[in-house]
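Raw protein.txt, compact mmCIF, C-alpha atoms:
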```txt
# COMPACT_ATOMS: atom_id res chain seq x y z
CA MET A 3 4.52 28.27 34.40
CA THR A 4 5.74 24.77 34.81
CA ASP A 5 3.67 21.90 36.03
CA PRO A 6 4.79 21.04 39.59
CA ASN A 7 3.73 17.45 39.01
CA GLN A 8 6.00 17.15 36.00
CA ASP A 9 9.18 15.31 36.81
CA SER A 10 12.30 17.27 36.15
CA VAL A 11 14.63 15.67 33.69
CA GLU A 12 18.13 15.41 35.00
CA PRO A 13 21.09 14.80 32.71
CA ILE A 14 22.29 11.25 32.78
CA GLU A 15 25.98 10.89 33.36
CA GLU A 16 27.72 7.95 31.75
CA THR A 17 29.66 5.77 34.10
CA ASP A 18 32.99 4.22 33.30
CA GLU A 19 31.29 0.90 32.75
CA GLU A 20 29.06 2.40 30.06
CA LEU A 21 31.95 3.86 28.13
CA SER A 22 33.33 1.73 25.38
CA ALA A 23 36.72 0.22 25.86
CA ARG A 24 38.02 2.32 22.99
CA GLU A 25 37.07 5.58 24.78
CA LYS A 26 38.83 4.69 28.01
CA PRO A 27 42.43 5.79 28.42
CA MET A 28 44.68 2.78 28.90
CA GLY A 29 47.75 2.74 31.05
CA PHE A 30 51.09 1.22 30.20
CA LEU A 31 50.39 -2.00 32.10
CA GLU A 32 47.00 -2.36 30.40
CA HIS A 33 48.69 -2.03 27.01
CA LEU A 34 51.15 -4.72 28.03
CA GLU A 35 48.27 -6.96 29.11
CA GLU A 36 46.54 -6.47 25.75
CA LEU A 37 49.79 -7.21 23.94
CA ARG A 38 50.24 -10.35 26.02
CA TRP A 39 46.79 -11.59 24.99
CA VAL A 40 47.52 -10.84 21.34
CA LEU A 41 50.74 -12.81 21.52
CA MET A 42 49.00 -15.69 23.30
CA LYS A 43 46.18 -15.86 20.75
CA SER A 44 48.69 -15.66 17.91
CA ALA A 45 50.78 -18.44 19.42
CA ILE A 46 47.69 -20.63 19.91
CA ALA A 47 46.52 -20.08 16.32
CA PHE A 48 49.99 -20.82 14.97
CA THR A 49 50.33 -23.94 17.14
CA ILE A 50 46.95 -25.31 16.05
CA CYS A 51 47.83 -24.84 12.36
CA ALA A 52 51.30 -26.33 12.80
CA VAL A 53 49.94 -29.36 14.70
CA ALA A 54 47.23 -29.86 12.06
CA ILE A 55 49.93 -29.98 9.40
CA GLY A 56 51.88 -32.46 11.50
CA VAL A 57 48.84 -34.71 11.87
CA PHE A 58 48.20 -34.72 8.12
CA LEU A 59 51.87 -34.48 7.21
CA LYS A 60 51.84 -37.13 4.48
CA LYS A 61 48.90 -35.58 2.64
CA PHE A 62 50.38 -32.12 3.11
CA ASN A 63 53.67 -33.31 1.64
CA VAL A 64 51.90 -34.76 -1.41
CA MET A 65 50.17 -31.41 -1.94
CA LEU A 66 53.45 -29.49 -1.68
CA MET A 67 55.05 -31.83 -4.22
CA TRP A 68 52.53 -30.77 -6.88
CA PRO A 69 54.89 -28.34 -8.69
CA LEU A 70 57.52 -31.08 -9.04
CA TYR A 71 54.99 -33.66 -10.21
CA LYS A 72 53.54 -31.16 -12.69
CA VAL A 73 56.93 -30.49 -14.28
CA ALA A 74 57.82 -34.20 -14.23
CA GLU A 75 54.95 -34.86 -16.64
CA ASP A 76 56.91 -32.97 -19.32
CA TYR A 77 60.03 -35.09 -18.70
CA PRO A 78 58.83 -38.72 -18.63
CA ASP A 79 62.33 -40.13 -19.14
CA MET A 80 63.82 -38.22 -16.23
CA VAL A 81 63.74 -39.39 -12.62
CA LEU A 82 62.85 -36.44 -10.39
CA ASP A 83 62.56 -38.28 -7.08
CA LEU A 84 64.04 -36.45 -4.11
CA GLY A 85 66.78 -38.08 -2.05
CA THR A 86 68.29 -37.17 1.30
CA THR A 87 72.04 -36.78 1.74
CA SER A 88 72.19 -36.46 5.53
CA VAL A 89 70.69 -38.21 8.54
CA MET A 90 68.78 -35.17 9.83
CA GLU A 91 67.54 -33.79 6.51
CA SER A 92 64.10 -35.41 6.73
CA PHE A 93 63.66 -34.08 10.26
CA THR A 94 64.63 -30.59 9.11
CA VAL A 95 62.12 -30.73 6.27
CA VAL A 96 59.34 -31.78 8.67
CA ILE A 97 60.13 -28.82 10.93
CA GLN A 98 60.12 -26.48 7.94
CA MET A 99 56.77 -27.75 6.71
CA CYS A 100 55.12 -27.46 10.13
CA VAL A 101 56.59 -24.06 11.04
CA VAL A 102 56.28 -22.29 7.69
CA GLY A 103 52.99 -23.98 6.84
CA GLY A 104 51.57 -23.06 10.23
CA LEU A 105 52.72 -19.47 9.74
CA ILE A 106 51.07 -19.21 6.32
CA LEU A 107 47.80 -20.84 7.41
CA SER A 108 47.54 -18.74 10.57
CA ALA A 109 48.56 -15.48 8.85
CA PRO A 110 44.96 -14.23 8.37
CA LEU A 111 44.23 -14.75 12.07
CA LEU A 112 47.47 -13.03 13.06
CA VAL A 113 46.48 -10.01 10.99
CA VAL A 114 43.06 -9.93 12.68
CA PHE A 115 44.63 -10.08 16.15
CA ILE A 116 46.98 -7.21 15.29
CA GLY A 117 44.03 -5.20 13.99
CA GLN A 118 42.14 -5.79 17.24
CA PHE A 119 45.18 -4.64 19.21
CA ILE A 120 45.61 -1.31 17.41
CA SER A 121 41.89 -0.53 16.98
CA PRO A 122 41.39 1.11 20.44
CA ALA A 123 43.89 3.83 19.48
CA LEU A 124 42.14 4.71 16.22
CA LYS A 125 39.50 7.30 15.44
CA GLU A 126 36.04 6.35 14.22
CA THR A 127 36.95 7.08 10.61
CA GLU A 128 40.16 5.10 10.94
CA LEU A 129 38.43 2.25 12.75
CA ARG A 130 36.25 1.58 9.71
CA LEU A 131 39.38 0.77 7.72
CA VAL A 132 40.65 -1.95 10.06
CA ALA A 133 38.40 -4.77 8.85
CA PRO A 134 38.93 -4.06 5.11
CA GLY A 135 42.64 -3.66 5.76
CA CYS A 136 42.87 -7.04 7.50
CA VAL A 137 40.96 -8.72 4.68
CA ALA A 138 43.12 -7.04 2.04
CA ALA A 139 46.37 -7.97 3.81
CA SER A 140 45.33 -11.61 4.12
CA MET A 141 44.10 -11.84 0.53
CA LEU A 142 47.22 -10.20 -0.91
CA PHE A 143 49.55 -12.49 1.03
CA LEU A 144 47.67 -15.66 0.14
CA THR A 145 47.43 -14.53 -3.49
CA GLY A 146 51.20 -14.10 -3.57
CA VAL A 147 51.71 -17.56 -2.06
CA CYS A 148 49.39 -19.17 -4.63
CA PHE A 149 51.01 -17.21 -7.46
CA SER A 150 54.37 -18.55 -6.41
CA PHE A 151 53.19 -22.12 -5.86
CA PHE A 152 51.29 -22.56 -9.11
CA LEU A 153 53.45 -20.48 -11.45
CA LEU A 154 56.90 -19.49 -10.22
CA VAL A 155 57.97 -22.71 -8.51
CA PRO A 156 57.17 -24.92 -11.55
CA GLY A 157 58.90 -22.37 -13.77
CA THR A 158 62.00 -22.40 -11.57
CA ILE A 159 62.12 -26.21 -11.62
CA ARG A 160 61.72 -26.29 -15.39
CA VAL A 161 64.55 -23.78 -15.91
CA SER A 162 66.83 -25.78 -13.61
CA ILE A 163 66.13 -28.99 -15.55
CA GLU A 164 66.83 -27.29 -18.87
CA LEU A 165 70.13 -25.92 -17.57
CA ASN A 166 71.13 -29.35 -16.26
CA GLU A 167 70.41 -30.92 -19.64
CA MET A 168 72.32 -28.19 -21.45
CA PHE A 169 75.43 -28.72 -19.33
CA GLY A 170 75.02 -32.49 -19.10
CA PHE A 171 74.47 -32.51 -15.35
CA ILE A 172 72.52 -35.24 -13.57
CA THR A 173 69.40 -33.93 -11.82
CA ARG A 174 69.55 -35.11 -8.21
CA TRP A 175 67.70 -32.86 -5.84
CA THR A 176 67.32 -33.17 -2.10
CA PRO A 177 64.17 -32.42 -0.08
CA GLY A 178 66.04 -29.58 1.59
CA SER A 179 66.82 -27.85 -1.71
CA TYR A 180 63.30 -28.33 -3.06
CA TYR A 181 61.51 -27.09 0.04
CA GLY A 182 64.04 -24.29 0.42
CA ILE A 183 63.04 -22.93 -2.99
CA LEU A 184 59.36 -23.49 -2.24
CA ILE A 185 59.50 -21.66 1.09
CA TRP A 186 61.65 -18.79 -0.16
CA LEU A 187 59.42 -18.09 -3.15
CA SER A 188 56.17 -18.48 -1.21
CA LEU A 189 57.14 -16.15 1.63
CA GLY A 190 59.04 -13.72 -0.60
CA VAL A 191 56.30 -13.30 -3.17
CA GLY A 192 53.61 -13.25 -0.48
CA ALA A 193 55.43 -10.40 1.27
CA ALA A 194 56.06 -8.57 -2.02
CA PHE A 195 52.35 -8.67 -2.83
CA GLU A 196 51.63 -6.67 0.33
CA PHE A 197 53.10 -3.44 -1.05
CA PRO A 198 49.78 -2.10 -2.50
CA LEU A 199 48.42 -2.04 1.04
CA LEU A 200 51.50 -0.09 2.15
CA ILE A 201 50.95 2.44 -0.63
CA VAL A 202 47.30 2.89 0.35
CA LEU A 203 48.32 3.42 3.97
CA MET A 204 50.91 6.01 2.97
CA THR A 205 48.26 7.77 0.88
CA TYR A 206 45.85 7.83 3.81
CA LEU A 207 48.54 9.35 6.04
CA GLY A 208 49.27 12.02 3.45
CA MET A 209 52.80 10.84 2.72
CA VAL A 210 52.13 10.35 -1.01
CA THR A 211 49.40 11.26 -3.47
CA SER A 212 47.93 9.46 -6.44
CA VAL A 213 49.40 12.14 -8.71
CA GLN A 214 52.88 11.41 -7.37
CA LEU A 215 52.35 7.68 -7.78
CA ARG A 216 51.38 8.15 -11.42
CA SER A 217 54.47 10.26 -12.05
CA TRP A 218 56.70 7.53 -10.58
CA TRP A 219 55.61 4.81 -13.00
CA ARG A 220 59.08 4.50 -14.57
CA HIS A 221 60.72 4.16 -11.17
CA ALA A 222 58.09 1.61 -10.15
CA LEU A 223 58.87 -0.50 -13.22
CA VAL A 224 62.58 -0.56 -12.34
CA VAL A 225 61.87 -1.37 -8.69
CA SER A 226 59.54 -4.19 -9.76
CA PHE A 227 62.32 -5.84 -11.73
CA VAL A 228 64.81 -5.33 -8.89
CA VAL A 229 62.45 -6.96 -6.38
CA ALA A 230 61.73 -9.79 -8.83
CA ALA A 231 65.45 -10.39 -9.31
CA PHE A 232 65.93 -10.55 -5.54
CA VAL A 233 63.00 -12.89 -4.87
CA THR A 234 63.41 -15.35 -7.75
CA PRO A 235 66.28 -17.81 -7.10
CA THR A 236 67.11 -18.43 -10.76
CA PRO A 237 68.58 -15.84 -13.14
CA ASP A 238 66.21 -16.70 -15.98
CA PRO A 239 64.42 -13.65 -17.40
CA ILE A 240 61.08 -15.44 -17.81
CA ASN A 241 60.25 -15.95 -14.14
CA GLN A 242 61.67 -12.55 -13.25
CA SER A 243 59.61 -10.84 -15.94
CA ILE A 244 56.42 -12.65 -14.87
CA LEU A 245 56.87 -11.57 -11.26
CA ALA A 246 57.99 -8.04 -12.18
CA LEU A 247 55.01 -7.45 -14.45
CA SER A 248 52.67 -8.83 -11.78
CA LEU A 249 54.11 -6.40 -9.23
CA TYR A 250 53.80 -3.57 -11.74
CA ILE A 251 50.14 -4.41 -12.32
CA LEU A 252 49.62 -4.34 -8.56
CA TYR A 253 51.26 -0.91 -8.53
CA GLY A 254 48.69 0.29 -11.04
CA ILE A 255 45.89 -1.14 -8.91
CA SER A 256 47.34 0.60 -5.85
CA ILE A 257 47.18 3.94 -7.70
CA LEU A 258 43.45 3.44 -8.27
CA ALA A 259 43.00 2.49 -4.61
CA ALA A 260 45.00 5.55 -3.53
CA LYS A 261 42.76 7.80 -5.65
CA ARG A 262 39.69 6.30 -4.02
CA VAL A 263 41.18 6.90 -0.56
CA GLU A 264 41.81 10.54 -1.44
CA ASN A 265 38.22 11.00 -2.65
CA ARG A 266 36.90 9.40 0.52
CA LYS A 267 39.03 11.66 2.73
CA ARG A 268 37.80 14.75 0.89
CA ALA A 269 34.19 13.61 1.30
CA GLU A 270 34.68 13.15 5.05
CA GLU A 271 36.19 16.61 5.39
```

In C-alpha cells, write the structure found in this file.
Amino acid sequence: MTDPNQDSVEPIEETDEELSAREKPMGFLEHLEELRWVLMKSAIAFTICAVAIGVFLKKFNVMLMWPLYKVAEDYPDMVLDLGTTSVMESFTVVIQMCVVGGLILSAPLLVVFIGQFISPALKETELRLVAPGCVAASMLFLTGVCFSFFLLVPGTIRVSIELNEMFGFITRWTPGSYYGILIWLSLGVGAAFEFPLLIVLMTYLGMVTSVQLRSWWRHALVVSFVVAAFVTPTPDPINQSILALSLYILYGISILAAKRVENRKRAEE
C-alpha cells in the first residue's frame, strides 16, 4: 500500500528555455543571423588589430624591417636602404601593413568565431574537439608566420644579394618589393603549416587512415618540395629544402596525431 500523504512524483518536462541552444533546431533565418554576428565580430576584431597597427605604424615598420637589418649586418659595405619609385608606393605599403598585419593578428579570434558558429551542429564527441582544433589552427598558422619571418625571409634576401653581386647588379629595392616578399612568404608558409590539421580532420572523418599516411611517405616528400617551390619566391635550393623538410616533419607529426585520433575513436565506440 502507498502512503496517501506521500506526494506523487510527476515527471518534469523540460521547457524550450531549459534546453541548450545546441539542442534546439535552428531555422534558415536563425542560421543567417548567427552568420551575421560571426561576420560582425570578425570584422570588429580585424578592424581593431588593423587600427592598432596604424597607430603604432612606425614601431611596427621597424619590427618588420628586422630581416633586412639582420642580413645587412653581414654586408657592412652595402647600402640596403629601401627607396620608393612612385608617388603612391608608400601609401600602398601602409595599406598592406595594416590589412595583412590586422589579418594575421586577428586570425586566432577569427578561428574561434568560426568554431563557435559550427559548434551547435556538432555532436558531444565532436564538440570536444572544437577548442583544441581552434588552438591548433592558430598555433600552426602563427608558427608558419614566425618560421617565414625569422628564417625564410632573411634567407631569401641573402640569396638575392649574392646573385646581384655575382652578376654585378646594384641592389636597389623598393618598399613594395620587400613587403611583397614578406607578405607572400608569411601568408603562404602560414597556410602551408595548416595541413596537419587537415590530415587529422580527414582521419577523424574516416577519409584516410594512419596506415595509408605511412604508406604515402614518398609521395608526401615530393609534394613537400612542390609546395616549397611554389611558396618560396627564389629558386635557390637552400630555402626550398628548409621549407620542404619542415613540411615533411609536420607530415610525420600529423601521422602520429592521426593514430591518436583513431585510438580515441575506437575507445569511444

Exercise for the section: Would you mind telling me which residue in A:Thr158, A:Gln98, A:Ser88, A:Gln242 lies nearest to Ala230 (chain A) when using all atoms listed in the file? Expected result: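 Nearest to Ala230 (chain A): A:Gln242.
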
Handout entry: Nearest residue to Leu223 (chain A) from the set A:Met90, A:Leu249, A:Ala52, A:Lys43 (distances using all atoms listed in the file)
Key =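 Smallest distance to Leu223 (chain A) is found for A:Leu249.
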
Any chance you could tabulate, as a Markdown table, the residues of region 80-99 of chain A at most 12 Å from region 180-201 of chain A with each one's nearest atom pair and distance in Å to one decimal, using all atoms listed in the file, in chain and rising number order?
```
| residue | atom | partner | partner_atom | distance |
| --- | --- | --- | --- | --- |
| A:Leu82 | CA | A:Tyr180 | CA | 10.9 |
| A:Asp83 | CA | A:Tyr180 | CA | 10.8 |
| A:Leu84 | CA | A:Tyr180 | CA | 8.2 |
| A:Gly85 | CA | A:Tyr180 | CA | 10.4 |
| A:Thr86 | CA | A:Tyr180 | CA | 11.0 |
| A:Glu91 | CA | A:Tyr181 | CA | 11.1 |
| A:Ser92 | CA | A:Tyr181 | CA | 11.0 |
| A:Thr94 | CA | A:Tyr181 | CA | 10.2 |
| A:Val95 | CA | A:Tyr181 | CA | 7.2 |
| A:Val96 | CA | A:Tyr181 | CA | 10.1 |
| A:Ile97 | CA | A:Tyr181 | CA | 11.1 |
| A:Gln98 | CA | A:Tyr181 | CA | 8.0 |
| A:Met99 | CA | A:Tyr181 | CA | 8.2 |
```

Completion exercise
note - CA of Leu105 (chain A) and CA of Met65 (chain A) are separated by 16.9 Å

Completion exercise
Students should find that CA of Ile159 (chain A) and CA of Val53 (chain A) are spaced 29.2 Å

Practice task
One decimal, Å: what's the distance from CA of Phe149 (chain A) over to CA of Val229 (chain A), could you say?
Solution key: 15.4 Å

Handout entry: Distance query Pro110 (chain A) at most 12 Å, all atoms listed in the file, self and fewer than 5 positions along chain excluded, as a ChimeraX atom specification
Key = /A:44,47-48,51,104-105,115-117,133,135-144

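All polymer residues at most 9 Å from (45.6, 10.6, -3.0), using all atoms listed in the file, appear as Val202, Thr205, Tyr206, Gly208, Val210, Thr211, Ser212, Val213, Gln214, Leu215, Ile257, Ala259, Ala260, Lys261, Arg262, Val263, Glu264, Asn265 and Lys267 of chain A.
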
Exercise for the section: For each of A:Val81, A:Met42, A:Leu34, A:Val101, take the minimum atom-to-atom distance to Trp175 (chain A), counting all atoms listed in the file, then give the residue where this is smallest. Expected result: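 Residue with the minimum atom-to-atom distance to Trp175 (chain A): A:Val81.
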
Practice task
Determine the nearest neighbour of Pro69 (chain A) from the options A:Gly103, A:Gly157, A:Pro237, A:Gly178, counting all atoms listed in the file.
Solution key: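 Checking each of A:Gly103, A:Gly157, A:Pro237, A:Gly178 against Pro69 (chain A), counting all atoms listed in the file, the winner is A:Gly157.
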
Problem - From A:Ser256, A:Ser121, A:Asn63, A:Thr87, residue lying nearest Ala222 (chain A) [only C-alpha atoms] - result: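 With only C-alpha atoms as the atom set, the closest residue is A:Ser256.
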
Problem - Given only C-alpha atoms as the counted atoms, nearest of A:Tyr71, A:Ile46, A:Tyr253, A:His33 to Leu112 (chain A) - result: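 Under the stated criterion, the closest residue is A:Ile46.
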